[in-house]
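Listing of start.txt; format and content: compact mmCIF, N, CA and C atoms.
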```txt
# COMPACT_ATOMS: atom_id res chain seq x y z
N MET A 217 -134.60 84.39 73.67
CA MET A 217 -135.52 84.35 72.56
C MET A 217 -135.34 83.01 71.83
N VAL A 218 -136.40 82.53 71.18
CA VAL A 218 -136.37 81.24 70.48
C VAL A 218 -136.62 81.48 68.99
N CYS A 219 -135.85 80.79 68.15
CA CYS A 219 -136.02 80.88 66.70
C CYS A 219 -137.34 80.22 66.32
N LYS A 220 -138.15 80.89 65.52
CA LYS A 220 -139.45 80.34 65.12
C LYS A 220 -139.31 79.26 64.06
N LYS A 221 -138.16 79.25 63.40
CA LYS A 221 -137.97 78.27 62.33
C LYS A 221 -137.44 76.93 62.87
N CYS A 222 -136.37 77.00 63.73
CA CYS A 222 -135.76 75.75 64.17
C CYS A 222 -135.87 75.50 65.67
N GLY A 223 -136.28 76.52 66.44
CA GLY A 223 -136.46 76.34 67.87
C GLY A 223 -135.21 76.55 68.71
N ALA A 224 -134.11 76.95 68.08
CA ALA A 224 -132.85 77.16 68.81
C ALA A 224 -132.92 78.44 69.65
N GLN A 225 -132.14 78.46 70.74
CA GLN A 225 -132.06 79.65 71.59
C GLN A 225 -131.24 80.72 70.87
N VAL A 226 -131.75 81.94 70.86
CA VAL A 226 -131.10 83.06 70.20
C VAL A 226 -130.99 84.20 71.20
N GLU A 227 -129.84 84.89 71.20
CA GLU A 227 -129.65 86.03 72.09
C GLU A 227 -130.60 87.15 71.72
N ASN A 228 -131.07 87.90 72.72
CA ASN A 228 -131.94 89.05 72.45
C ASN A 228 -131.21 90.06 71.59
N GLY A 229 -131.87 90.58 70.58
CA GLY A 229 -131.31 91.58 69.69
C GLY A 229 -130.57 91.01 68.51
N ALA A 230 -130.43 89.68 68.44
CA ALA A 230 -129.73 89.06 67.31
C ALA A 230 -130.56 89.21 66.04
N GLN A 231 -129.89 89.44 64.93
CA GLN A 231 -130.57 89.61 63.64
C GLN A 231 -130.93 88.27 63.01
N ASN A 232 -130.05 87.27 63.20
CA ASN A 232 -130.25 85.96 62.59
C ASN A 232 -130.05 84.86 63.63
N CYS A 233 -130.67 83.74 63.40
CA CYS A 233 -130.50 82.56 64.26
C CYS A 233 -129.11 81.97 64.01
N PRO A 234 -128.35 81.69 65.08
CA PRO A 234 -127.01 81.12 64.88
C PRO A 234 -127.07 79.68 64.34
N ALA A 235 -128.16 78.97 64.58
CA ALA A 235 -128.26 77.58 64.14
C ALA A 235 -128.67 77.44 62.68
N CYS A 236 -129.75 78.14 62.28
CA CYS A 236 -130.27 77.96 60.91
C CYS A 236 -130.12 79.19 60.03
N GLY A 237 -129.79 80.33 60.62
CA GLY A 237 -129.59 81.56 59.85
C GLY A 237 -130.86 82.32 59.51
N ALA A 238 -131.99 81.89 60.04
CA ALA A 238 -133.27 82.56 59.75
C ALA A 238 -133.26 83.97 60.34
N ALA A 239 -133.85 84.91 59.63
CA ALA A 239 -133.95 86.28 60.12
C ALA A 239 -134.91 86.32 61.31
N MET A 240 -134.51 87.01 62.35
CA MET A 240 -135.31 87.03 63.58
C MET A 240 -136.38 88.12 63.56
N ASN A 241 -136.30 89.08 62.66
CA ASN A 241 -137.27 90.17 62.65
C ASN A 241 -138.36 90.00 61.60
N GLU A 242 -138.41 88.84 60.93
CA GLU A 242 -139.46 88.61 59.94
C GLU A 242 -140.79 88.40 60.65
N PRO A 243 -141.88 88.92 60.08
CA PRO A 243 -143.18 88.69 60.70
C PRO A 243 -143.56 87.22 60.66
N GLU A 244 -144.24 86.80 61.68
CA GLU A 244 -144.65 85.40 61.77
C GLU A 244 -145.77 85.13 60.77
N VAL A 245 -145.63 84.04 60.04
CA VAL A 245 -146.67 83.62 59.11
C VAL A 245 -147.52 82.58 59.81
N VAL A 246 -148.79 82.89 59.96
CA VAL A 246 -149.70 81.98 60.64
C VAL A 246 -150.46 81.19 59.58
N VAL A 247 -150.37 79.88 59.66
CA VAL A 247 -151.08 79.02 58.72
C VAL A 247 -152.20 78.34 59.49
N THR A 248 -153.40 78.47 58.95
CA THR A 248 -154.56 77.87 59.60
C THR A 248 -154.70 76.42 59.17
N ASN A 249 -155.73 75.75 59.67
CA ASN A 249 -155.91 74.33 59.39
C ASN A 249 -156.29 74.05 57.94
N ASN A 250 -156.68 75.03 57.18
CA ASN A 250 -157.01 74.78 55.77
C ASN A 250 -155.92 75.32 54.84
N ASN A 251 -154.67 75.36 55.34
CA ASN A 251 -153.49 75.76 54.57
C ASN A 251 -153.60 77.16 53.98
N VAL A 252 -154.11 78.08 54.76
CA VAL A 252 -154.23 79.46 54.33
C VAL A 252 -153.35 80.32 55.23
N ASP A 253 -152.56 81.17 54.61
CA ASP A 253 -151.80 82.15 55.37
C ASP A 253 -152.82 83.14 55.93
N ALA A 254 -152.93 83.22 57.25
CA ALA A 254 -153.96 84.05 57.89
C ALA A 254 -153.81 85.52 57.51
N ASN A 255 -152.57 86.00 57.36
CA ASN A 255 -152.37 87.40 56.97
C ASN A 255 -152.87 87.63 55.55
N ASP A 256 -152.55 86.71 54.65
CA ASP A 256 -153.00 86.82 53.26
C ASP A 256 -154.53 86.79 53.19
N ALA A 257 -155.13 85.88 53.93
CA ALA A 257 -156.59 85.76 53.92
C ALA A 257 -157.23 87.03 54.47
N GLU A 258 -156.68 87.57 55.54
CA GLU A 258 -157.26 88.78 56.15
C GLU A 258 -157.15 89.98 55.20
N GLN A 259 -156.03 90.11 54.52
CA GLN A 259 -155.82 91.24 53.62
C GLN A 259 -156.64 91.13 52.34
N ASN A 260 -157.00 89.92 51.94
CA ASN A 260 -157.66 89.73 50.64
C ASN A 260 -159.06 89.13 50.73
N LYS A 261 -159.71 89.28 51.87
CA LYS A 261 -161.08 88.76 52.01
C LYS A 261 -162.03 89.42 51.01
N VAL A 262 -161.92 90.71 50.83
CA VAL A 262 -162.81 91.42 49.90
C VAL A 262 -162.58 90.91 48.48
N MET A 263 -161.33 90.67 48.13
CA MET A 263 -161.03 90.13 46.80
C MET A 263 -161.66 88.75 46.64
N GLY A 264 -161.58 87.93 47.68
CA GLY A 264 -162.18 86.60 47.63
C GLY A 264 -163.68 86.66 47.46
N ILE A 265 -164.31 87.60 48.15
CA ILE A 265 -165.77 87.76 48.05
C ILE A 265 -166.16 88.23 46.66
N LEU A 266 -165.43 89.21 46.12
CA LEU A 266 -165.75 89.73 44.78
C LEU A 266 -165.66 88.66 43.70
N ALA A 267 -164.81 87.67 43.91
CA ALA A 267 -164.60 86.63 42.90
C ALA A 267 -165.86 85.86 42.55
N TYR A 268 -166.83 85.85 43.44
CA TYR A 268 -168.05 85.06 43.22
C TYR A 268 -169.18 85.86 42.61
N ILE A 269 -168.94 87.11 42.29
CA ILE A 269 -170.01 87.97 41.75
C ILE A 269 -169.77 88.18 40.26
N GLY A 270 -170.30 87.26 39.47
CA GLY A 270 -170.25 87.37 38.01
C GLY A 270 -168.84 87.53 37.47
N ILE A 271 -168.65 88.49 36.59
CA ILE A 271 -167.37 88.71 35.93
C ILE A 271 -166.33 89.34 36.86
N LEU A 272 -166.74 89.68 38.07
CA LEU A 272 -165.81 90.30 39.01
C LEU A 272 -164.73 89.34 39.49
N TRP A 273 -164.72 88.10 39.05
CA TRP A 273 -163.62 87.19 39.36
C TRP A 273 -162.31 87.75 38.80
N LEU A 274 -162.41 88.65 37.84
CA LEU A 274 -161.22 89.28 37.26
C LEU A 274 -160.53 90.23 38.25
N VAL A 275 -161.29 90.84 39.15
CA VAL A 275 -160.73 91.83 40.07
C VAL A 275 -159.64 91.21 40.95
N PRO A 276 -159.88 90.11 41.67
CA PRO A 276 -158.78 89.56 42.47
C PRO A 276 -157.64 89.01 41.61
N LEU A 277 -157.96 88.54 40.43
CA LEU A 277 -156.92 88.01 39.55
C LEU A 277 -155.95 89.11 39.15
N LEU A 278 -156.46 90.30 38.89
CA LEU A 278 -155.61 91.41 38.44
C LEU A 278 -155.09 92.28 39.59
N ALA A 279 -155.88 92.45 40.64
CA ALA A 279 -155.51 93.37 41.71
C ALA A 279 -154.66 92.72 42.81
N ALA A 280 -154.77 91.42 42.99
CA ALA A 280 -154.01 90.74 44.05
C ALA A 280 -153.24 89.58 43.45
N LYS A 281 -152.36 89.90 42.51
CA LYS A 281 -151.64 88.87 41.75
C LYS A 281 -150.81 87.94 42.62
N GLY A 282 -150.22 88.45 43.68
CA GLY A 282 -149.33 87.64 44.50
C GLY A 282 -150.00 86.88 45.62
N SER A 283 -151.31 86.96 45.71
CA SER A 283 -152.02 86.34 46.82
C SER A 283 -152.57 84.96 46.44
N PRO A 284 -152.08 83.90 47.08
CA PRO A 284 -152.64 82.57 46.82
C PRO A 284 -154.11 82.47 47.21
N PHE A 285 -154.50 83.19 48.27
CA PHE A 285 -155.89 83.19 48.72
C PHE A 285 -156.80 83.80 47.65
N ALA A 286 -156.43 84.97 47.14
CA ALA A 286 -157.24 85.64 46.12
C ALA A 286 -157.25 84.83 44.83
N ARG A 287 -156.12 84.23 44.48
CA ARG A 287 -156.05 83.43 43.25
C ARG A 287 -156.94 82.19 43.35
N PHE A 288 -156.96 81.55 44.52
CA PHE A 288 -157.83 80.39 44.72
C PHE A 288 -159.29 80.78 44.49
N HIS A 289 -159.71 81.88 45.10
CA HIS A 289 -161.11 82.30 44.97
C HIS A 289 -161.41 82.84 43.56
N ALA A 290 -160.41 83.44 42.91
CA ALA A 290 -160.60 83.86 41.51
C ALA A 290 -160.84 82.64 40.63
N ASN A 291 -160.10 81.57 40.87
CA ASN A 291 -160.32 80.33 40.11
C ASN A 291 -161.72 79.78 40.36
N GLN A 292 -162.11 79.73 41.62
CA GLN A 292 -163.46 79.23 41.95
C GLN A 292 -164.52 80.12 41.28
N GLY A 293 -164.31 81.42 41.31
CA GLY A 293 -165.25 82.35 40.69
C GLY A 293 -165.31 82.19 39.19
N LEU A 294 -164.16 81.94 38.56
CA LEU A 294 -164.11 81.73 37.10
C LEU A 294 -164.88 80.47 36.72
N VAL A 295 -164.65 79.38 37.45
CA VAL A 295 -165.37 78.14 37.16
C VAL A 295 -166.87 78.35 37.33
N LEU A 296 -167.24 79.04 38.39
CA LEU A 296 -168.66 79.33 38.63
C LEU A 296 -169.23 80.21 37.52
N PHE A 297 -168.47 81.19 37.08
CA PHE A 297 -168.92 82.09 36.00
C PHE A 297 -169.16 81.30 34.71
N ILE A 298 -168.26 80.40 34.38
CA ILE A 298 -168.42 79.56 33.18
C ILE A 298 -169.70 78.73 33.30
N CYS A 299 -169.94 78.18 34.49
CA CYS A 299 -171.17 77.41 34.71
C CYS A 299 -172.41 78.30 34.58
N GLU A 300 -172.31 79.53 35.09
CA GLU A 300 -173.45 80.45 34.99
C GLU A 300 -173.77 80.76 33.53
N VAL A 301 -172.74 80.97 32.71
CA VAL A 301 -172.96 81.24 31.28
C VAL A 301 -173.61 80.03 30.61
N ALA A 302 -173.12 78.84 30.93
CA ALA A 302 -173.70 77.62 30.35
C ALA A 302 -175.16 77.46 30.77
N ILE A 303 -175.44 77.74 32.03
CA ILE A 303 -176.82 77.63 32.53
C ILE A 303 -177.73 78.63 31.84
N GLU A 304 -177.23 79.83 31.61
CA GLU A 304 -178.04 80.84 30.91
C GLU A 304 -178.32 80.43 29.47
N ILE A 305 -177.34 79.83 28.82
CA ILE A 305 -177.56 79.35 27.45
C ILE A 305 -178.63 78.26 27.44
N ILE A 306 -178.54 77.34 28.38
CA ILE A 306 -179.55 76.29 28.49
C ILE A 306 -180.91 76.91 28.81
N GLY A 307 -180.93 77.92 29.66
CA GLY A 307 -182.17 78.60 30.02
C GLY A 307 -182.83 79.26 28.82
N VAL A 308 -182.03 79.88 27.98
CA VAL A 308 -182.58 80.52 26.77
C VAL A 308 -183.19 79.48 25.85
N ILE A 309 -182.52 78.35 25.71
CA ILE A 309 -183.06 77.27 24.87
C ILE A 309 -184.37 76.76 25.45
N LEU A 310 -184.43 76.60 26.79
CA LEU A 310 -185.65 76.10 27.43
C LEU A 310 -186.81 77.08 27.31
N CYS A 311 -186.51 78.34 27.16
CA CYS A 311 -187.58 79.34 27.05
C CYS A 311 -188.46 79.12 25.82
N PHE A 312 -187.95 78.41 24.84
CA PHE A 312 -188.72 78.19 23.62
C PHE A 312 -189.70 77.02 23.74
N ILE A 313 -189.67 76.30 24.86
CA ILE A 313 -190.63 75.21 25.07
C ILE A 313 -191.98 75.82 25.44
N PRO A 314 -193.03 75.50 24.71
CA PRO A 314 -194.33 76.11 25.01
C PRO A 314 -194.85 75.72 26.40
N TYR A 315 -195.52 76.64 27.01
CA TYR A 315 -196.21 76.50 28.30
C TYR A 315 -195.28 76.43 29.52
N VAL A 316 -194.31 75.52 29.53
CA VAL A 316 -193.46 75.37 30.71
C VAL A 316 -192.08 76.01 30.54
N GLY A 317 -191.78 76.49 29.36
CA GLY A 317 -190.46 77.04 29.08
C GLY A 317 -190.08 78.20 29.97
N GLY A 318 -191.02 79.13 30.17
CA GLY A 318 -190.73 80.29 31.01
C GLY A 318 -190.42 79.90 32.44
N LEU A 319 -191.18 78.94 32.97
CA LEU A 319 -190.95 78.47 34.34
C LEU A 319 -189.59 77.78 34.45
N LEU A 320 -189.29 76.89 33.50
CA LEU A 320 -188.00 76.20 33.52
C LEU A 320 -186.84 77.18 33.39
N CYS A 321 -187.01 78.17 32.52
CA CYS A 321 -185.99 79.20 32.32
C CYS A 321 -185.72 79.94 33.63
N SER A 322 -186.77 80.29 34.34
CA SER A 322 -186.63 81.01 35.61
C SER A 322 -185.99 80.14 36.68
N LEU A 323 -186.42 78.89 36.78
CA LEU A 323 -185.88 78.00 37.81
C LEU A 323 -184.41 77.67 37.59
N ILE A 324 -184.03 77.42 36.36
CA ILE A 324 -182.64 77.05 36.09
C ILE A 324 -181.70 78.23 36.34
N SER A 325 -182.18 79.44 36.17
CA SER A 325 -181.32 80.60 36.40
C SER A 325 -181.01 80.81 37.88
N LEU A 326 -181.76 80.14 38.78
CA LEU A 326 -181.51 80.24 40.22
C LEU A 326 -180.46 79.23 40.70
N ALA A 327 -180.09 78.28 39.86
CA ALA A 327 -179.17 77.21 40.25
C ALA A 327 -177.82 77.70 40.81
N PRO A 328 -177.20 78.74 40.27
CA PRO A 328 -175.89 79.16 40.80
C PRO A 328 -175.93 79.84 42.17
N ILE A 329 -177.07 80.27 42.62
CA ILE A 329 -177.15 81.05 43.86
C ILE A 329 -176.56 80.32 45.07
N PRO A 330 -176.87 79.05 45.31
CA PRO A 330 -176.25 78.39 46.48
C PRO A 330 -174.72 78.34 46.40
N PHE A 331 -174.19 78.17 45.19
CA PHE A 331 -172.74 78.14 45.01
C PHE A 331 -172.12 79.51 45.30
N ILE A 332 -172.80 80.56 44.86
CA ILE A 332 -172.34 81.92 45.13
C ILE A 332 -172.30 82.17 46.63
N VAL A 333 -173.35 81.79 47.31
CA VAL A 333 -173.43 81.99 48.77
C VAL A 333 -172.34 81.21 49.49
N LEU A 334 -172.15 79.94 49.12
CA LEU A 334 -171.11 79.13 49.76
C LEU A 334 -169.71 79.71 49.54
N GLY A 335 -169.45 80.19 48.33
CA GLY A 335 -168.15 80.78 48.04
C GLY A 335 -167.91 82.06 48.82
N ILE A 336 -168.91 82.91 48.89
CA ILE A 336 -168.78 84.17 49.64
C ILE A 336 -168.57 83.89 51.12
N ILE A 337 -169.29 82.92 51.67
CA ILE A 337 -169.13 82.59 53.09
C ILE A 337 -167.71 82.08 53.36
N ALA A 338 -167.20 81.20 52.50
CA ALA A 338 -165.85 80.67 52.69
C ALA A 338 -164.81 81.79 52.62
N ALA A 339 -164.95 82.68 51.64
CA ALA A 339 -164.00 83.78 51.50
C ALA A 339 -164.08 84.72 52.70
N ALA A 340 -165.27 85.00 53.17
CA ALA A 340 -165.44 85.90 54.31
C ALA A 340 -164.85 85.30 55.59
N LYS A 341 -164.85 83.98 55.69
CA LYS A 341 -164.26 83.30 56.85
C LYS A 341 -162.76 83.11 56.71
N GLY A 342 -162.20 83.47 55.55
CA GLY A 342 -160.77 83.29 55.33
C GLY A 342 -160.39 81.87 55.02
N GLN A 343 -161.29 81.11 54.42
CA GLN A 343 -161.04 79.70 54.11
C GLN A 343 -160.86 79.48 52.62
N LYS A 344 -160.07 78.49 52.27
CA LYS A 344 -159.93 78.04 50.89
C LYS A 344 -160.73 76.74 50.77
N LYS A 345 -162.02 76.89 50.61
CA LYS A 345 -162.93 75.75 50.59
C LYS A 345 -163.49 75.61 49.17
N GLU A 346 -163.29 74.44 48.57
CA GLU A 346 -163.78 74.22 47.22
C GLU A 346 -165.31 74.17 47.20
N LEU A 347 -165.87 74.69 46.11
CA LEU A 347 -167.32 74.62 45.92
C LEU A 347 -167.71 73.17 45.64
N PRO A 348 -168.90 72.77 46.07
CA PRO A 348 -169.34 71.40 45.76
C PRO A 348 -169.48 71.21 44.25
N ILE A 349 -169.20 70.04 43.78
CA ILE A 349 -169.34 69.59 42.39
C ILE A 349 -168.33 70.28 41.46
N ILE A 350 -168.32 71.61 41.39
CA ILE A 350 -167.50 72.32 40.41
C ILE A 350 -166.16 72.80 40.96
N GLY A 351 -165.96 72.73 42.26
CA GLY A 351 -164.77 73.29 42.88
C GLY A 351 -163.48 72.55 42.58
N GLN A 352 -163.57 71.34 42.07
CA GLN A 352 -162.38 70.55 41.79
C GLN A 352 -161.65 70.98 40.53
N PHE A 353 -162.30 71.77 39.69
CA PHE A 353 -161.70 72.19 38.43
C PHE A 353 -160.76 73.36 38.66
N LYS A 354 -159.54 73.23 38.11
CA LYS A 354 -158.52 74.28 38.25
C LYS A 354 -158.22 74.85 36.88
N ILE A 355 -158.64 76.08 36.66
CA ILE A 355 -158.34 76.75 35.38
C ILE A 355 -157.13 77.64 35.57
N LEU A 356 -157.10 78.36 36.69
CA LEU A 356 -155.96 79.22 37.01
C LEU A 356 -155.00 78.44 37.89
N LYS A 357 -153.78 78.37 37.49
CA LYS A 357 -152.77 77.63 38.28
C LYS A 357 -152.05 78.56 39.20
```

Show me this structure written as structure tokens.
Amino acid sequence: MVCKKCGAQVENGAQNCPACGAAMNEPEVVVTNNNVDANDAEQNKVMGILAYIGILWLVPLLAAKGSPFARFHANQGLVLFICEVAIEIIGVILCFIPYVGGLLCSLISLAPIPFIVLGIIAAAKGQKKELPIIGQFKILK
């Protein structure tokens, strides 16, 4: 048998690696190309998806506290939610413009939809992919 941590040869049935001391019965952590623990991503995909649906960004924040994947998507969802609130405030102000206000109000309220879709797709694929434009902001550390 080979140690997954250091690559040293280990006797079958050994509890620890003689070279580095790593436990031999620990489950393997698979890290994908976007620095996501595949097990964490698989277990918390639903939490990641929920993060992009309005105030539901709170669900992964509270229900999956120890998951870096869920926390990443909760942060993205929070930033998106703040933008949605700001857009709605701007939309309400635009509604008071005569003749074109209603149209502008309706159009501006559609702006978050592409971001929501992109976030849900990334979470469903198990990726930690930042949203365009707003994804660089980190509110939750």

Compute the distance from (-154.5, 87.0, 49.3) to each atom, counting only N, CA and C atoms, keep the residues with any atom at most 8 Å away, and return them as a VMD selection string; use the coordinates of the file. chain A and resid 253 255 to 261 263 to 264 280 to 288

Which neighbours of Val275 in chain A fall inside 9 Å, counting only C-alpha atoms, when residues of the same chain fewer than 6 positions from it are skipped, and could you give them as a VMD selection string? chain A and resid 263 266 to 267 290

Counting only C-alpha atoms, which of A:Cys219, A:Gly270, A:Val252, A:Ile336 gets nearest to Val301 in chain A?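 Between A:Cys219, A:Gly270, A:Val252, A:Ile336, the residue approaching Val301 in chain A most closely is A:Gly270.
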
Top pick for closest residue to Gln343 in chain A, considering A:Leu326, A:Ile265, A:Ile355, A:Cys299 and counting only C-alpha atoms: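 Ranked by minimum distance to Gln343 in chain A, first place goes to A:Ile265.
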
List as a ChimeraX atom specification the protein and nucleic acid residues near Pro328 in chain A, meaning an atom at most 8 Å away when all atoms listed in the file are counted, but skip any in the same chain fewer than 6 places from it. /A:296,299-300,303,334

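Distance-wise, CA of Ser325 in chain A and CA of Leu277 in chain A end up 25.7 Å apart.
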
Distance criterion (only C-alpha atoms): nearest to Gly351 in chain A out of A:Val333, A:Val295, A:Leu310, A:Cys233: A:Val295

Taking only range 262-299 of chain A into account, list the residues labelled helix (DSSP H, G or I) by DSSP (computed from the backbone), as a count of residues only. 31

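Among the candidates A:Tyr315, A:Gln292, A:Cys236, A:Ala302, the one nearest to Glu346 in chain A when counting only N, CA and C atoms is A:Gln292.
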
For CA of Ile332 in chain A and CA of Gly293 in chain A, the interatomic separation in Å (one decimal):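 Between CA of Ile332 in chain A and CA of Gly293 in chain A the gap works out to 8.4 Å.
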
Step one, run DSSP on the backbone; step two, keep only residues of chain A assigned to strand (DSSP E or B); then write them as a PyMOL selection string. chain A and resi 218+225+232+239+247+253

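In this model, the gap between atom C of Ile305 in chain A and CA of His289 in chain A comes to 25.1 Å.
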
Which residue, A:Ser322, A:Ile271, A:Leu278, A:Pro234, has the smallest gap to Phe297 in chain A when you use all atoms listed in the file? A:Ile271

Given only N, CA and C atoms as the counted atoms, nearest of A:Ala235, A:Leu274, A:Gly317, A:Ile324 to Glu304 in chain A: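 Selected residue with least distance to Glu304 in chain A: A:Ile324.
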
From the block you just saw, export range 289-298 of chain A: all heavy atoms, as a PDB file, in the first residue's frame.
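Writing done, so here's decode.pdb:
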```pdb
ATOM      1  N   HIS A 289     -20.726  30.216  -1.755  1.00  0.00           N
ATOM      2  CA  HIS A 289     -21.965  30.534  -2.472  1.00  0.00           C
ATOM      3  C   HIS A 289     -22.896  31.408  -1.630  1.00  0.00           C
ATOM      4  O   HIS A 289     -23.626  32.232  -2.189  1.00  0.00           O
ATOM      5  CB  HIS A 289     -22.647  29.256  -2.956  1.00  0.00           C
ATOM      6  CG  HIS A 289     -21.901  28.622  -4.090  1.00  0.00           C
ATOM      7  ND1 HIS A 289     -21.872  29.176  -5.353  1.00  0.00           N
ATOM      8  CD2 HIS A 289     -21.128  27.510  -4.161  1.00  0.00           C
ATOM      9  CE1 HIS A 289     -21.131  28.440  -6.143  1.00  0.00           C
ATOM     10  NE2 HIS A 289     -20.661  27.421  -5.445  1.00  0.00           N
ATOM     11  N   ALA A 290     -22.854  31.263  -0.303  1.00  0.00           N
ATOM     12  CA  ALA A 290     -23.638  32.164   0.557  1.00  0.00           C
ATOM     13  C   ALA A 290     -23.133  33.597   0.405  1.00  0.00           C
ATOM     14  O   ALA A 290     -23.937  34.536   0.342  1.00  0.00           O
ATOM     15  CB  ALA A 290     -23.561  31.711   2.006  1.00  0.00           C
ATOM     16  N   ASN A 291     -21.820  33.767   0.325  1.00  0.00           N
ATOM     17  CA  ASN A 291     -21.257  35.106   0.112  1.00  0.00           C
ATOM     18  C   ASN A 291     -21.698  35.669  -1.234  1.00  0.00           C
ATOM     19  O   ASN A 291     -22.115  36.828  -1.322  1.00  0.00           O
ATOM     20  CB  ASN A 291     -19.731  35.068   0.197  1.00  0.00           C
ATOM     21  CG  ASN A 291     -19.136  36.450  -0.019  1.00  0.00           C
ATOM     22  OD1 ASN A 291     -19.214  37.304   0.853  1.00  0.00           O
ATOM     23  ND2 ASN A 291     -18.567  36.677  -1.187  1.00  0.00           N
ATOM     24  N   GLN A 292     -21.596  34.853  -2.275  1.00  0.00           N
ATOM     25  CA  GLN A 292     -22.020  35.300  -3.603  1.00  0.00           C
ATOM     26  C   GLN A 292     -23.512  35.667  -3.588  1.00  0.00           C
ATOM     27  O   GLN A 292     -23.918  36.669  -4.166  1.00  0.00           O
ATOM     28  CB  GLN A 292     -21.766  34.210  -4.637  1.00  0.00           C
ATOM     29  CG  GLN A 292     -20.306  33.861  -4.840  1.00  0.00           C
ATOM     30  CD  GLN A 292     -19.579  34.887  -5.672  1.00  0.00           C
ATOM     31  OE1 GLN A 292     -19.803  35.002  -6.870  1.00  0.00           O
ATOM     32  NE2 GLN A 292     -18.725  35.642  -5.030  1.00  0.00           N
ATOM     33  N   GLY A 293     -24.309  34.852  -2.920  1.00  0.00           N
ATOM     34  CA  GLY A 293     -25.744  35.118  -2.826  1.00  0.00           C
ATOM     35  C   GLY A 293     -26.042  36.383  -2.050  1.00  0.00           C
ATOM     36  O   GLY A 293     -26.953  37.142  -2.397  1.00  0.00           O
ATOM     37  N   LEU A 294     -25.282  36.640  -0.981  1.00  0.00           N
ATOM     38  CA  LEU A 294     -25.470  37.858  -0.186  1.00  0.00           C
ATOM     39  C   LEU A 294     -25.148  39.096  -1.014  1.00  0.00           C
ATOM     40  O   LEU A 294     -25.904  40.074  -1.010  1.00  0.00           O
ATOM     41  CB  LEU A 294     -24.599  37.811   1.070  1.00  0.00           C
ATOM     42  CG  LEU A 294     -24.530  39.093   1.901  1.00  0.00           C
ATOM     43  CD1 LEU A 294     -25.913  39.524   2.374  1.00  0.00           C
ATOM     44  CD2 LEU A 294     -23.588  38.905   3.075  1.00  0.00           C
ATOM     45  N   VAL A 295     -24.036  39.064  -1.734  1.00  0.00           N
ATOM     46  CA  VAL A 295     -23.665  40.199  -2.582  1.00  0.00           C
ATOM     47  C   VAL A 295     -24.746  40.433  -3.638  1.00  0.00           C
ATOM     48  O   VAL A 295     -25.163  41.573  -3.890  1.00  0.00           O
ATOM     49  CB  VAL A 295     -22.286  39.968  -3.239  1.00  0.00           C
ATOM     50  CG1 VAL A 295     -21.982  41.031  -4.279  1.00  0.00           C
ATOM     51  CG2 VAL A 295     -21.191  39.919  -2.182  1.00  0.00           C
ATOM     52  N   LEU A 296     -25.217  39.356  -4.234  1.00  0.00           N
ATOM     53  CA  LEU A 296     -26.278  39.466  -5.240  1.00  0.00           C
ATOM     54  C   LEU A 296     -27.561  40.009  -4.622  1.00  0.00           C
ATOM     55  O   LEU A 296     -28.240  40.848  -5.211  1.00  0.00           O
ATOM     56  CB  LEU A 296     -26.529  38.105  -5.892  1.00  0.00           C
ATOM     57  CG  LEU A 296     -27.570  38.052  -6.995  1.00  0.00           C
ATOM     58  CD1 LEU A 296     -27.231  39.009  -8.124  1.00  0.00           C
ATOM     59  CD2 LEU A 296     -27.690  36.624  -7.532  1.00  0.00           C
ATOM     60  N   PHE A 297     -27.893  39.566  -3.423  1.00  0.00           N
ATOM     61  CA  PHE A 297     -29.103  40.042  -2.735  1.00  0.00           C
ATOM     62  C   PHE A 297     -29.014  41.547  -2.467  1.00  0.00           C
ATOM     63  O   PHE A 297     -29.987  42.280  -2.657  1.00  0.00           O
ATOM     64  CB  PHE A 297     -29.300  39.268  -1.429  1.00  0.00           C
ATOM     65  CG  PHE A 297     -30.515  39.689  -0.659  1.00  0.00           C
ATOM     66  CD1 PHE A 297     -31.784  39.364  -1.108  1.00  0.00           C
ATOM     67  CD2 PHE A 297     -30.389  40.397   0.521  1.00  0.00           C
ATOM     68  CE1 PHE A 297     -32.908  39.749  -0.403  1.00  0.00           C
ATOM     69  CE2 PHE A 297     -31.499  40.787   1.236  1.00  0.00           C
ATOM     70  CZ  PHE A 297     -32.773  40.465   0.776  1.00  0.00           C
ATOM     71  N   ILE A 298     -27.862  42.011  -2.025  1.00  0.00           N
ATOM     72  CA  ILE A 298     -27.670  43.450  -1.781  1.00  0.00           C
ATOM     73  C   ILE A 298     -27.855  44.224  -3.083  1.00  0.00           C
ATOM     74  O   ILE A 298     -28.503  45.279  -3.110  1.00  0.00           O
ATOM     75  CB  ILE A 298     -26.289  43.716  -1.151  1.00  0.00           C
ATOM     76  CG1 ILE A 298     -26.268  43.156   0.274  1.00  0.00           C
ATOM     77  CG2 ILE A 298     -25.952  45.201  -1.165  1.00  0.00           C
ATOM     78  CD1 ILE A 298     -24.889  43.127   0.908  1.00  0.00           C
TER      79      ILE A 298
END
```
